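So this one's input.cif, mmCIF, N, CA and C atoms:
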```cif
data_query
#
loop_
_atom_site.label_atom_id
_atom_site.label_comp_id
_atom_site.auth_asym_id
_atom_site.auth_seq_id
_atom_site.Cartn_x
_atom_site.Cartn_y
_atom_site.Cartn_z
N MET M 1 15.18 11.88 -1.91
CA MET M 1 13.81 12.26 -1.62
C MET M 1 13.13 11.10 -0.91
N LYS M 2 12.48 11.41 0.19
CA LYS M 2 11.76 10.39 0.94
C LYS M 2 10.30 10.37 0.49
N VAL M 3 9.71 9.18 0.51
CA VAL M 3 8.38 8.97 -0.05
C VAL M 3 7.48 8.28 0.97
N SER M 4 6.24 8.74 1.05
CA SER M 4 5.19 8.05 1.81
C SER M 4 4.21 7.46 0.82
N VAL M 5 4.07 6.14 0.85
CA VAL M 5 3.10 5.45 0.01
C VAL M 5 1.88 5.18 0.88
N ILE M 6 0.72 5.66 0.44
CA ILE M 6 -0.51 5.48 1.19
C ILE M 6 -1.36 4.44 0.47
N LEU M 7 -1.65 3.36 1.20
CA LEU M 7 -2.43 2.25 0.66
C LEU M 7 -3.76 2.15 1.39
N SER M 8 -4.85 2.17 0.66
CA SER M 8 -6.16 1.99 1.29
C SER M 8 -6.50 0.51 1.33
N THR M 9 -7.18 0.10 2.41
CA THR M 9 -7.56 -1.30 2.55
C THR M 9 -8.80 -1.42 3.42
N TYR M 10 -9.48 -2.56 3.25
CA TYR M 10 -10.60 -2.92 4.11
C TYR M 10 -10.80 -4.43 4.05
N ASN M 11 -10.44 -5.13 5.11
CA ASN M 11 -10.68 -6.57 5.28
C ASN M 11 -10.23 -7.43 4.10
N GLN M 12 -9.06 -7.15 3.57
CA GLN M 12 -8.47 -7.96 2.49
C GLN M 12 -7.00 -8.25 2.81
N PRO M 13 -6.74 -8.95 3.94
CA PRO M 13 -5.34 -9.14 4.34
C PRO M 13 -4.50 -9.93 3.35
N ASP M 14 -5.10 -10.88 2.63
CA ASP M 14 -4.31 -11.66 1.65
C ASP M 14 -3.80 -10.76 0.53
N TRP M 15 -4.67 -9.91 0.00
CA TRP M 15 -4.27 -9.01 -1.08
C TRP M 15 -3.30 -7.95 -0.57
N LEU M 16 -3.56 -7.44 0.63
CA LEU M 16 -2.66 -6.44 1.21
C LEU M 16 -1.26 -7.02 1.39
N GLU M 17 -1.17 -8.26 1.85
CA GLU M 17 0.14 -8.87 2.02
C GLU M 17 0.90 -8.93 0.70
N LYS M 18 0.24 -9.34 -0.37
CA LYS M 18 0.89 -9.40 -1.68
C LYS M 18 1.38 -8.00 -2.09
N THR M 19 0.57 -7.01 -1.85
CA THR M 19 0.94 -5.64 -2.18
C THR M 19 2.17 -5.20 -1.39
N LEU M 20 2.19 -5.50 -0.10
CA LEU M 20 3.34 -5.14 0.72
C LEU M 20 4.60 -5.84 0.27
N TRP M 21 4.49 -7.09 -0.15
CA TRP M 21 5.67 -7.78 -0.70
C TRP M 21 6.19 -7.02 -1.92
N GLY M 22 5.28 -6.48 -2.72
CA GLY M 22 5.71 -5.68 -3.87
C GLY M 22 6.51 -4.46 -3.47
N TYR M 23 6.12 -3.82 -2.38
CA TYR M 23 6.88 -2.66 -1.91
C TYR M 23 8.21 -3.06 -1.28
N SER M 24 8.31 -4.28 -0.80
CA SER M 24 9.58 -4.73 -0.24
C SER M 24 10.61 -5.00 -1.34
N CYS M 25 10.16 -5.10 -2.58
CA CYS M 25 11.04 -5.38 -3.72
C CYS M 25 11.36 -4.14 -4.56
N GLN M 26 11.01 -2.97 -4.10
CA GLN M 26 11.22 -1.76 -4.89
C GLN M 26 12.69 -1.44 -5.08
N ASP M 27 13.03 -0.92 -6.26
CA ASP M 27 14.39 -0.45 -6.51
C ASP M 27 14.70 0.78 -5.66
N TYR M 28 13.71 1.62 -5.46
CA TYR M 28 13.86 2.83 -4.65
C TYR M 28 13.42 2.49 -3.24
N ARG M 29 14.31 2.66 -2.25
CA ARG M 29 14.06 2.11 -0.91
C ARG M 29 13.73 3.14 0.17
N ASP M 30 13.84 4.42 -0.09
CA ASP M 30 13.62 5.42 0.95
C ASP M 30 12.12 5.72 1.06
N VAL M 31 11.40 4.72 1.59
CA VAL M 31 9.93 4.72 1.55
C VAL M 31 9.37 4.31 2.90
N GLU M 32 8.29 4.96 3.27
CA GLU M 32 7.45 4.46 4.35
C GLU M 32 6.11 4.09 3.73
N ILE M 33 5.47 3.09 4.29
CA ILE M 33 4.14 2.67 3.85
C ILE M 33 3.16 3.10 4.94
N VAL M 34 2.12 3.82 4.54
CA VAL M 34 1.06 4.22 5.46
C VAL M 34 -0.20 3.51 5.00
N ILE M 35 -0.70 2.62 5.82
CA ILE M 35 -1.90 1.86 5.47
C ILE M 35 -3.11 2.58 6.03
N ALA M 36 -3.99 3.01 5.13
CA ALA M 36 -5.24 3.69 5.48
C ALA M 36 -6.32 2.63 5.56
N ASP M 37 -6.60 2.17 6.77
CA ASP M 37 -7.48 1.03 7.00
C ASP M 37 -8.86 1.50 7.45
N ASP M 38 -9.84 1.24 6.61
CA ASP M 38 -11.22 1.71 6.83
C ASP M 38 -12.01 0.78 7.75
N GLY M 39 -11.36 0.24 8.78
CA GLY M 39 -12.09 -0.52 9.79
C GLY M 39 -11.95 -2.02 9.71
N SER M 40 -10.84 -2.52 9.18
CA SER M 40 -10.64 -3.97 9.08
C SER M 40 -10.57 -4.61 10.46
N THR M 41 -10.73 -5.93 10.47
CA THR M 41 -10.64 -6.70 11.71
C THR M 41 -9.18 -6.85 12.13
N GLY M 42 -8.98 -7.48 13.28
CA GLY M 42 -7.64 -7.72 13.80
C GLY M 42 -6.78 -8.59 12.91
N GLU M 43 -7.39 -9.36 12.03
CA GLU M 43 -6.62 -10.19 11.11
C GLU M 43 -5.71 -9.33 10.23
N THR M 44 -6.22 -8.19 9.79
CA THR M 44 -5.40 -7.30 8.96
C THR M 44 -4.24 -6.76 9.76
N ARG M 45 -4.48 -6.33 11.00
CA ARG M 45 -3.41 -5.80 11.85
C ARG M 45 -2.32 -6.87 12.06
N ALA M 46 -2.73 -8.10 12.33
CA ALA M 46 -1.77 -9.18 12.53
C ALA M 46 -0.96 -9.44 11.27
N ARG M 47 -1.59 -9.40 10.13
CA ARG M 47 -0.88 -9.63 8.87
C ARG M 47 0.13 -8.53 8.60
N ILE M 48 -0.25 -7.30 8.89
CA ILE M 48 0.68 -6.17 8.71
C ILE M 48 1.91 -6.37 9.59
N GLU M 49 1.71 -6.75 10.83
CA GLU M 49 2.83 -6.98 11.75
C GLU M 49 3.73 -8.10 11.23
N SER M 50 3.12 -9.17 10.74
CA SER M 50 3.89 -10.29 10.22
C SER M 50 4.74 -9.88 9.02
N VAL M 51 4.15 -9.15 8.10
CA VAL M 51 4.89 -8.70 6.91
C VAL M 51 5.98 -7.72 7.31
N ARG M 52 5.69 -6.83 8.25
CA ARG M 52 6.70 -5.87 8.72
C ARG M 52 7.92 -6.62 9.25
N GLU M 53 7.68 -7.64 10.05
CA GLU M 53 8.79 -8.42 10.63
C GLU M 53 9.57 -9.15 9.55
N ARG M 54 8.89 -9.70 8.55
CA ARG M 54 9.57 -10.50 7.52
C ARG M 54 10.27 -9.66 6.47
N THR M 55 9.80 -8.42 6.24
CA THR M 55 10.37 -7.60 5.17
C THR M 55 11.22 -6.45 5.64
N GLY M 56 11.01 -6.01 6.88
CA GLY M 56 11.72 -4.83 7.37
C GLY M 56 11.14 -3.52 6.86
N LEU M 57 9.98 -3.57 6.21
CA LEU M 57 9.35 -2.35 5.72
C LEU M 57 8.98 -1.42 6.87
N ASP M 58 9.09 -0.12 6.62
CA ASP M 58 8.64 0.91 7.55
C ASP M 58 7.15 1.10 7.29
N ILE M 59 6.31 0.55 8.17
CA ILE M 59 4.86 0.56 7.95
C ILE M 59 4.17 1.25 9.12
N ARG M 60 3.29 2.19 8.78
CA ARG M 60 2.39 2.80 9.76
C ARG M 60 0.98 2.30 9.43
N HIS M 61 0.26 1.91 10.46
CA HIS M 61 -1.11 1.40 10.26
C HIS M 61 -2.08 2.42 10.87
N VAL M 62 -2.79 3.13 10.00
CA VAL M 62 -3.77 4.13 10.44
C VAL M 62 -5.14 3.49 10.28
N TRP M 63 -5.85 3.34 11.38
CA TRP M 63 -7.11 2.57 11.41
C TRP M 63 -8.18 3.38 12.10
N HIS M 64 -9.41 3.20 11.66
CA HIS M 64 -10.54 3.68 12.45
C HIS M 64 -11.62 2.60 12.45
N GLU M 65 -12.52 2.73 13.40
CA GLU M 65 -13.60 1.76 13.58
C GLU M 65 -14.46 1.65 12.32
N ASP M 66 -14.94 0.45 12.07
CA ASP M 66 -15.81 0.20 10.92
C ASP M 66 -17.21 0.73 11.23
N ARG M 67 -17.52 1.87 10.62
CA ARG M 67 -18.86 2.44 10.73
C ARG M 67 -19.38 2.75 9.33
N GLY M 68 -19.17 1.79 8.43
CA GLY M 68 -19.57 1.98 7.04
C GLY M 68 -18.41 2.53 6.23
N PHE M 69 -18.67 2.74 4.95
CA PHE M 69 -17.65 3.19 4.00
C PHE M 69 -17.23 4.63 4.32
N ARG M 70 -15.98 4.76 4.81
CA ARG M 70 -15.43 6.08 5.14
C ARG M 70 -13.99 6.17 4.63
N LYS M 71 -13.79 5.69 3.40
CA LYS M 71 -12.45 5.65 2.82
C LYS M 71 -11.80 7.03 2.77
N SER M 72 -12.54 8.03 2.37
CA SER M 72 -11.95 9.38 2.26
C SER M 72 -11.47 9.88 3.62
N GLU M 73 -12.23 9.58 4.65
CA GLU M 73 -11.84 10.02 6.00
C GLU M 73 -10.54 9.36 6.44
N ILE M 74 -10.41 8.06 6.22
CA ILE M 74 -9.19 7.38 6.65
C ILE M 74 -8.01 7.79 5.77
N LEU M 75 -8.25 8.08 4.51
CA LEU M 75 -7.16 8.59 3.66
C LEU M 75 -6.66 9.93 4.19
N ASN M 76 -7.57 10.79 4.61
CA ASN M 76 -7.15 12.08 5.18
C ASN M 76 -6.31 11.86 6.44
N LYS M 77 -6.69 10.91 7.28
CA LYS M 77 -5.91 10.62 8.48
C LYS M 77 -4.53 10.06 8.12
N ALA M 78 -4.47 9.26 7.06
CA ALA M 78 -3.19 8.71 6.61
C ALA M 78 -2.28 9.81 6.08
N ILE M 79 -2.85 10.77 5.39
CA ILE M 79 -2.06 11.91 4.89
C ILE M 79 -1.43 12.66 6.06
N VAL M 80 -2.22 12.90 7.10
CA VAL M 80 -1.71 13.58 8.29
C VAL M 80 -0.59 12.76 8.94
N ALA M 81 -0.73 11.44 8.95
CA ALA M 81 0.27 10.56 9.59
C ALA M 81 1.53 10.41 8.75
N ALA M 82 1.47 10.71 7.48
CA ALA M 82 2.62 10.53 6.59
C ALA M 82 3.77 11.45 7.00
N ALA M 83 4.97 10.91 6.98
CA ALA M 83 6.15 11.66 7.41
C ALA M 83 6.80 12.47 6.30
N HIS M 84 6.46 12.18 5.05
CA HIS M 84 7.19 12.79 3.94
C HIS M 84 6.27 13.61 3.04
N ASP M 85 6.88 14.51 2.26
CA ASP M 85 6.11 15.41 1.41
C ASP M 85 5.63 14.76 0.11
N LEU M 86 6.40 13.81 -0.42
CA LEU M 86 5.96 13.14 -1.65
C LEU M 86 5.04 11.98 -1.26
N LEU M 87 3.79 12.08 -1.66
CA LEU M 87 2.79 11.07 -1.34
C LEU M 87 2.40 10.31 -2.59
N LEU M 88 2.46 8.98 -2.52
CA LEU M 88 1.98 8.12 -3.59
C LEU M 88 0.77 7.37 -3.06
N PHE M 89 -0.33 7.38 -3.80
CA PHE M 89 -1.55 6.71 -3.38
C PHE M 89 -1.80 5.48 -4.25
N SER M 90 -2.16 4.39 -3.60
CA SER M 90 -2.54 3.18 -4.32
C SER M 90 -3.50 2.40 -3.43
N ASP M 91 -3.92 1.26 -3.91
CA ASP M 91 -4.83 0.42 -3.16
C ASP M 91 -4.10 -0.81 -2.62
N GLY M 92 -4.65 -1.39 -1.57
CA GLY M 92 -4.06 -2.54 -0.92
C GLY M 92 -4.21 -3.83 -1.68
N ASP M 93 -4.68 -3.76 -2.92
CA ASP M 93 -4.75 -4.96 -3.75
C ASP M 93 -4.03 -4.75 -5.08
N CYS M 94 -3.13 -3.77 -5.13
CA CYS M 94 -2.37 -3.47 -6.35
C CYS M 94 -0.88 -3.69 -6.09
N VAL M 95 -0.35 -4.77 -6.60
CA VAL M 95 1.07 -5.08 -6.43
C VAL M 95 1.87 -4.20 -7.39
N PRO M 96 2.79 -3.39 -6.86
CA PRO M 96 3.54 -2.46 -7.72
C PRO M 96 4.66 -3.15 -8.48
N ARG M 97 4.95 -2.59 -9.66
CA ARG M 97 6.16 -3.00 -10.37
C ARG M 97 7.37 -2.60 -9.54
N ARG M 98 8.47 -3.26 -9.78
CA ARG M 98 9.72 -3.00 -9.04
C ARG M 98 10.15 -1.53 -9.13
N ASP M 99 9.82 -0.86 -10.23
CA ASP M 99 10.25 0.53 -10.45
C ASP M 99 9.15 1.55 -10.17
N PHE M 100 8.07 1.14 -9.52
CA PHE M 100 6.93 2.02 -9.31
C PHE M 100 7.32 3.29 -8.54
N VAL M 101 7.91 3.13 -7.38
CA VAL M 101 8.26 4.30 -6.56
C VAL M 101 9.34 5.11 -7.25
N GLY M 102 10.37 4.46 -7.75
CA GLY M 102 11.47 5.17 -8.40
C GLY M 102 11.01 5.99 -9.60
N THR M 103 10.08 5.47 -10.37
CA THR M 103 9.56 6.21 -11.52
C THR M 103 8.84 7.47 -11.07
N HIS M 104 8.06 7.36 -10.00
CA HIS M 104 7.38 8.55 -9.48
C HIS M 104 8.38 9.58 -8.95
N VAL M 105 9.41 9.13 -8.27
CA VAL M 105 10.43 10.05 -7.77
C VAL M 105 11.13 10.74 -8.93
N LEU M 106 11.46 10.00 -9.97
CA LEU M 106 12.14 10.56 -11.13
C LEU M 106 11.34 11.69 -11.78
N HIS M 107 10.02 11.56 -11.81
CA HIS M 107 9.17 12.54 -12.49
C HIS M 107 8.50 13.53 -11.55
N ALA M 108 8.79 13.45 -10.28
CA ALA M 108 8.13 14.33 -9.31
C ALA M 108 8.58 15.78 -9.48
N GLU M 109 7.61 16.70 -9.41
CA GLU M 109 7.88 18.13 -9.43
C GLU M 109 6.96 18.81 -8.42
N PRO M 110 7.49 19.77 -7.68
CA PRO M 110 6.63 20.47 -6.72
C PRO M 110 5.40 21.09 -7.41
N GLY M 111 4.26 20.97 -6.78
CA GLY M 111 3.03 21.56 -7.31
C GLY M 111 2.37 20.77 -8.42
N HIS M 112 2.86 19.57 -8.70
CA HIS M 112 2.30 18.75 -9.77
C HIS M 112 1.92 17.38 -9.23
N PHE M 113 1.12 16.65 -9.99
CA PHE M 113 0.82 15.28 -9.63
C PHE M 113 0.94 14.40 -10.86
N LEU M 114 1.20 13.13 -10.61
CA LEU M 114 1.28 12.13 -11.66
C LEU M 114 0.13 11.16 -11.48
N SER M 115 -0.35 10.63 -12.56
CA SER M 115 -1.42 9.64 -12.50
C SER M 115 -0.99 8.43 -13.32
N GLY M 116 -1.38 7.28 -12.87
CA GLY M 116 -1.02 6.06 -13.59
C GLY M 116 -2.19 5.10 -13.62
N GLY M 117 -1.94 3.96 -14.17
CA GLY M 117 -2.97 2.93 -14.27
C GLY M 117 -2.43 1.61 -13.74
N TYR M 118 -3.14 0.56 -14.04
CA TYR M 118 -2.72 -0.75 -13.59
C TYR M 118 -3.13 -1.78 -14.62
N PHE M 119 -2.53 -2.95 -14.50
CA PHE M 119 -2.84 -4.08 -15.36
C PHE M 119 -3.57 -5.09 -14.49
N LYS M 120 -4.81 -5.37 -14.82
CA LYS M 120 -5.62 -6.29 -14.02
C LYS M 120 -5.39 -7.72 -14.47
N LEU M 121 -4.88 -8.53 -13.54
CA LEU M 121 -4.65 -9.94 -13.82
C LEU M 121 -5.93 -10.74 -13.58
N PRO M 122 -6.09 -11.86 -14.26
CA PRO M 122 -7.22 -12.73 -13.95
C PRO M 122 -7.14 -13.18 -12.49
N ARG M 123 -8.28 -13.33 -11.86
CA ARG M 123 -8.32 -13.68 -10.43
C ARG M 123 -7.52 -14.94 -10.12
N GLU M 124 -7.64 -15.97 -10.96
CA GLU M 124 -6.94 -17.23 -10.68
C GLU M 124 -5.42 -17.04 -10.71
N VAL M 125 -4.93 -16.14 -11.54
CA VAL M 125 -3.49 -15.84 -11.57
C VAL M 125 -3.11 -15.07 -10.31
N SER M 126 -3.90 -14.07 -9.98
CA SER M 126 -3.63 -13.26 -8.79
C SER M 126 -3.58 -14.11 -7.53
N GLU M 127 -4.47 -15.08 -7.43
CA GLU M 127 -4.52 -15.93 -6.24
C GLU M 127 -3.29 -16.82 -6.12
N ARG M 128 -2.68 -17.18 -7.24
CA ARG M 128 -1.50 -18.06 -7.22
C ARG M 128 -0.19 -17.32 -6.95
N ILE M 129 -0.20 -16.01 -7.13
CA ILE M 129 1.03 -15.22 -6.93
C ILE M 129 1.36 -15.13 -5.46
N GLY M 130 2.63 -15.38 -5.14
CA GLY M 130 3.11 -15.29 -3.77
C GLY M 130 4.39 -14.48 -3.73
N PRO M 131 5.03 -14.41 -2.58
CA PRO M 131 6.27 -13.62 -2.46
C PRO M 131 7.35 -14.00 -3.46
N ASP M 132 7.50 -15.27 -3.80
CA ASP M 132 8.54 -15.67 -4.74
C ASP M 132 8.29 -15.09 -6.13
N GLU M 133 7.05 -15.07 -6.57
CA GLU M 133 6.72 -14.53 -7.89
C GLU M 133 6.83 -13.00 -7.89
N ILE M 134 6.47 -12.39 -6.79
CA ILE M 134 6.53 -10.93 -6.69
C ILE M 134 7.98 -10.50 -6.71
#
```

Please lay out the structure from this file as structure tokens.
Amino acid sequence: MKVSVILSTYNQPDWLEKTLWGYSCQDYRDVEIVIADDGSTGETRARIESVRERTGLDIRHVWHEDRGFRKSEILNKAIVAAAHDLLLFSDGDCVPRRDFVGTHVLHAEPGHFLSGGYFKLPREVSERIGPDEI
């Protein structure tokens, strides 16, 4: 089963990079990442390209101009851009566990959805985490 992971972001390239490193470490590898970008600057685009080159992740960057908070609109555009039927939604500042995608695939059923949560780390810990720790 192929999976499209849709990540929302807005001008947080450092956090997005950490999140993308998390997807590069997944046990389940048949994944594309679709970044739903609500108008970030070119710094985010450059970071995405850098991570794509270093990780080999299949990443699509769906962007629209910054005209205020339009997260739902860019998420809809990302859904249209997604290549696969199984869609996983998360945020560009949530580093996934190694088994995140695989667990969703294991429990996926047509016509159903799964919901999960996250563990919020203290900011100082989050800032120190890099690719080696992920």

- Item | Result set, the PyMOL selection byres ((chain M and resi 124-133) around 8) on current file, as an NGL selection string | :M and (17-18 or 21-22 or 120-123 or 134)

- Item | Pick from M:Asp66, M:Asp93, M:Glu109, M:Glu73 nearest to Thr9 of chain M, counting only N, CA and C atoms |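 Selected residue with least distance to Thr9 of chain M: M:Asp93.
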
- Residue list (strand (DSSP E), DSSP) for segment 2-126 of chain M, as a list in words: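 Taking segment 2-126 of chain M and keeping strand (DSSP E) gives Val3, Ser4, Val5, Ile6, Leu7, Ser8, Thr9, Val31, Glu32, Ile33, Val34, Ile35, Ala36, Asp37, Ile59, Arg60, His61, Val62, Trp63, Leu86, Leu87, Leu88, Phe89, Ser90 and Asp91 of chain M.
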
- By how many Å are atom CA of Val31 of chain M and atom CA of Val3 of chain M apart?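 Going from atom CA of Val31 of chain M over to atom CA of Val3 of chain M, I get 4.8 Å.
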
- Nearest-residue call for Arg45 of chain M, choices M:Ala81, M:Gly102, M:Leu114, M:Pro13, using only N, CA and C atoms: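 Ranked by minimum distance to Arg45 of chain M, first place goes to M:Pro13.
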
- Task: Figure out the distance between atom CA of Met1 of chain M and atom CA of His104 of chain M, please, to one decimal in Å.
- Result: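 Atom-to-atom, atom CA of His104 of chain M to atom CA of Met1 of chain M, that is 10.8 Å.
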
- Task: Would you please work out which residue, of M:His112, M:His107, M:Arg97, M:His84, is nearest to Ser4 of chain M when using all atoms listed in the file?
- Result: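 Among the listed residues, the smallest separation from Ser4 of chain M belongs to M:His84.
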
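Residues lying at most 8 Å from (1.5, 10.5, -1.7) in file coordinates, with only C-alpha atoms considered, are M:Val3, M:Ser4, M:Val5, M:Ile6, M:Ile79, M:Asp85, M:Leu86, M:Leu87, M:Leu88, M:Phe89.
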
- Message: Just the number, please: distance in Å from atom N of Thr55 of chain M to atom C of Gly92 of chain M, one decimal.
- Response: 16.7 Å

- Query: Quick one: residues within 8 Å of segment 34-42 of chain M, only N, CA and C atoms counted, chain neighbours fewer than 5 positions away excluded, as a VMD selection string?
  - Reply: chain M and resid 3 to 12 47 to 48 58 to 79 81 to 83

Selection export as a compact mmCIF listing (two decimals), keeping the file's coordinate frame, atoms kept: N, CA and C atoms:
```
# COMPACT_ATOMS: atom_id res chain seq x y z
N VAL M 3 9.71 9.18 0.51
CA VAL M 3 8.38 8.97 -0.05
C VAL M 3 7.48 8.28 0.97
N SER M 4 6.24 8.74 1.05
CA SER M 4 5.19 8.05 1.81
C SER M 4 4.21 7.46 0.82
N VAL M 5 4.07 6.14 0.85
CA VAL M 5 3.10 5.45 0.01
C VAL M 5 1.88 5.18 0.88
N ILE M 6 0.72 5.66 0.44
CA ILE M 6 -0.51 5.48 1.19
C ILE M 6 -1.36 4.44 0.47
N LEU M 7 -1.65 3.36 1.20
CA LEU M 7 -2.43 2.25 0.66
C LEU M 7 -3.76 2.15 1.39
N SER M 8 -4.85 2.17 0.66
CA SER M 8 -6.16 1.99 1.29
C SER M 8 -6.50 0.51 1.33
N THR M 9 -7.18 0.10 2.41
CA THR M 9 -7.56 -1.30 2.55
C THR M 9 -8.80 -1.42 3.42
N TYR M 10 -9.48 -2.56 3.25
CA TYR M 10 -10.60 -2.92 4.11
C TYR M 10 -10.80 -4.43 4.05
N ASN M 11 -10.44 -5.13 5.11
CA ASN M 11 -10.68 -6.57 5.28
C ASN M 11 -10.23 -7.43 4.10
N GLN M 12 -9.06 -7.15 3.57
CA GLN M 12 -8.47 -7.96 2.49
C GLN M 12 -7.00 -8.25 2.81
N ARG M 47 -1.59 -9.40 10.13
CA ARG M 47 -0.88 -9.63 8.87
C ARG M 47 0.13 -8.53 8.60
N ILE M 48 -0.25 -7.30 8.89
CA ILE M 48 0.68 -6.17 8.71
C ILE M 48 1.91 -6.37 9.59
N ASP M 58 9.09 -0.12 6.62
CA ASP M 58 8.64 0.91 7.55
C ASP M 58 7.15 1.10 7.29
N ILE M 59 6.31 0.55 8.17
CA ILE M 59 4.86 0.56 7.95
C ILE M 59 4.17 1.25 9.12
N ARG M 60 3.29 2.19 8.78
CA ARG M 60 2.39 2.80 9.76
C ARG M 60 0.98 2.30 9.43
N HIS M 61 0.26 1.91 10.46
CA HIS M 61 -1.11 1.40 10.26
C HIS M 61 -2.08 2.42 10.87
N VAL M 62 -2.79 3.13 10.00
CA VAL M 62 -3.77 4.13 10.44
C VAL M 62 -5.14 3.49 10.28
N TRP M 63 -5.85 3.34 11.38
CA TRP M 63 -7.11 2.57 11.41
C TRP M 63 -8.18 3.38 12.10
N HIS M 64 -9.41 3.20 11.66
CA HIS M 64 -10.54 3.68 12.45
C HIS M 64 -11.62 2.60 12.45
N GLU M 65 -12.52 2.73 13.40
CA GLU M 65 -13.60 1.76 13.58
C GLU M 65 -14.46 1.65 12.32
N ASP M 66 -14.94 0.45 12.07
CA ASP M 66 -15.81 0.20 10.92
C ASP M 66 -17.21 0.73 11.23
N ARG M 67 -17.52 1.87 10.62
CA ARG M 67 -18.86 2.44 10.73
C ARG M 67 -19.38 2.75 9.33
N GLY M 68 -19.17 1.79 8.43
CA GLY M 68 -19.57 1.98 7.04
C GLY M 68 -18.41 2.53 6.23
N PHE M 69 -18.67 2.74 4.95
CA PHE M 69 -17.65 3.19 4.00
C PHE M 69 -17.23 4.63 4.32
N ARG M 70 -15.98 4.76 4.81
CA ARG M 70 -15.43 6.08 5.14
C ARG M 70 -13.99 6.17 4.63
N LYS M 71 -13.79 5.69 3.40
CA LYS M 71 -12.45 5.65 2.82
C LYS M 71 -11.80 7.03 2.77
N SER M 72 -12.54 8.03 2.37
CA SER M 72 -11.95 9.38 2.26
C SER M 72 -11.47 9.88 3.62
N GLU M 73 -12.23 9.58 4.65
CA GLU M 73 -11.84 10.02 6.00
C GLU M 73 -10.54 9.36 6.44
N ILE M 74 -10.41 8.06 6.22
CA ILE M 74 -9.19 7.38 6.65
C ILE M 74 -8.01 7.79 5.77
N LEU M 75 -8.25 8.08 4.51
CA LEU M 75 -7.16 8.59 3.66
C LEU M 75 -6.66 9.93 4.19
N ASN M 76 -7.57 10.79 4.61
CA ASN M 76 -7.15 12.08 5.18
C ASN M 76 -6.31 11.86 6.44
N LYS M 77 -6.69 10.91 7.28
CA LYS M 77 -5.91 10.62 8.48
C LYS M 77 -4.53 10.06 8.12
N ALA M 78 -4.47 9.26 7.06
CA ALA M 78 -3.19 8.71 6.61
C ALA M 78 -2.28 9.81 6.08
N ILE M 79 -2.85 10.77 5.39
CA ILE M 79 -2.06 11.91 4.89
C ILE M 79 -1.43 12.66 6.06
N ALA M 81 -0.73 11.44 8.95
CA ALA M 81 0.27 10.56 9.59
C ALA M 81 1.53 10.41 8.75
N ALA M 82 1.47 10.71 7.48
CA ALA M 82 2.62 10.53 6.59
C ALA M 82 3.77 11.45 7.00
N ALA M 83 4.97 10.91 6.98
CA ALA M 83 6.15 11.66 7.41
C ALA M 83 6.80 12.47 6.30
```

- Would you give me, as a ChimeraX atom specification, the residues in chain M that DSSP reads as helix (DSSP H, G or I)? /M:13-24,42-55,71-81,100-107,123-128

- Item | Residue among M:Ala46, M:Lys2, M:Val95, M:Gly116 lying closest to Leu20 of chain M, counting only C-alpha atoms |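 Closest to Leu20 of chain M of all the choices is M:Val95.
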
- Query: Between M:Leu57, M:Thr44, M:Glu49, M:Ser90, which has the minimum distance to Tyr23 of chain M (counting only N, CA and C atoms)?
  - Reply: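 The answer is M:Leu57, which sits nearest to Tyr23 of chain M.
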
For segment 67-74 of chain M, take all atoms listed in the file, fit an axis-aligned box around them, add 5 Å to each of the six sides, then output centre and edge lengths in Å rounded to one decimal, as lines of an AutoDock Vina configuration file.
```
center_x = -13.8
center_y = 5.9
center_z = 6.5
size_x = 21.6
size_y = 18.2
size_z = 18.5
```

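Using only C-alpha atoms, the smallest distance between any of M:Glu53, M:Asp91, M:Glu32, M:Asp99 and Thr19 of chain M comes from M:Asp91.
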
- Within 7 Å of Phe100 of chain M using all atoms listed in the file, minus same-chain residues under 6 positions, as a PyMOL selection string: chain M and resi 26-28

Next, the residues of the selection above should be written as a compact mmCIF listing (two decimals), in the coordinates of the input with N, CA and C atoms.
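Produced file out_2.txt, reproduced below:
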```txt
# COMPACT_ATOMS: atom_id res chain seq x y z
N GLN M 26 11.01 -2.97 -4.10
CA GLN M 26 11.22 -1.76 -4.89
C GLN M 26 12.69 -1.44 -5.08
N ASP M 27 13.03 -0.92 -6.26
CA ASP M 27 14.39 -0.45 -6.51
C ASP M 27 14.70 0.78 -5.66
N TYR M 28 13.71 1.62 -5.46
CA TYR M 28 13.86 2.83 -4.65
C TYR M 28 13.42 2.49 -3.24
```
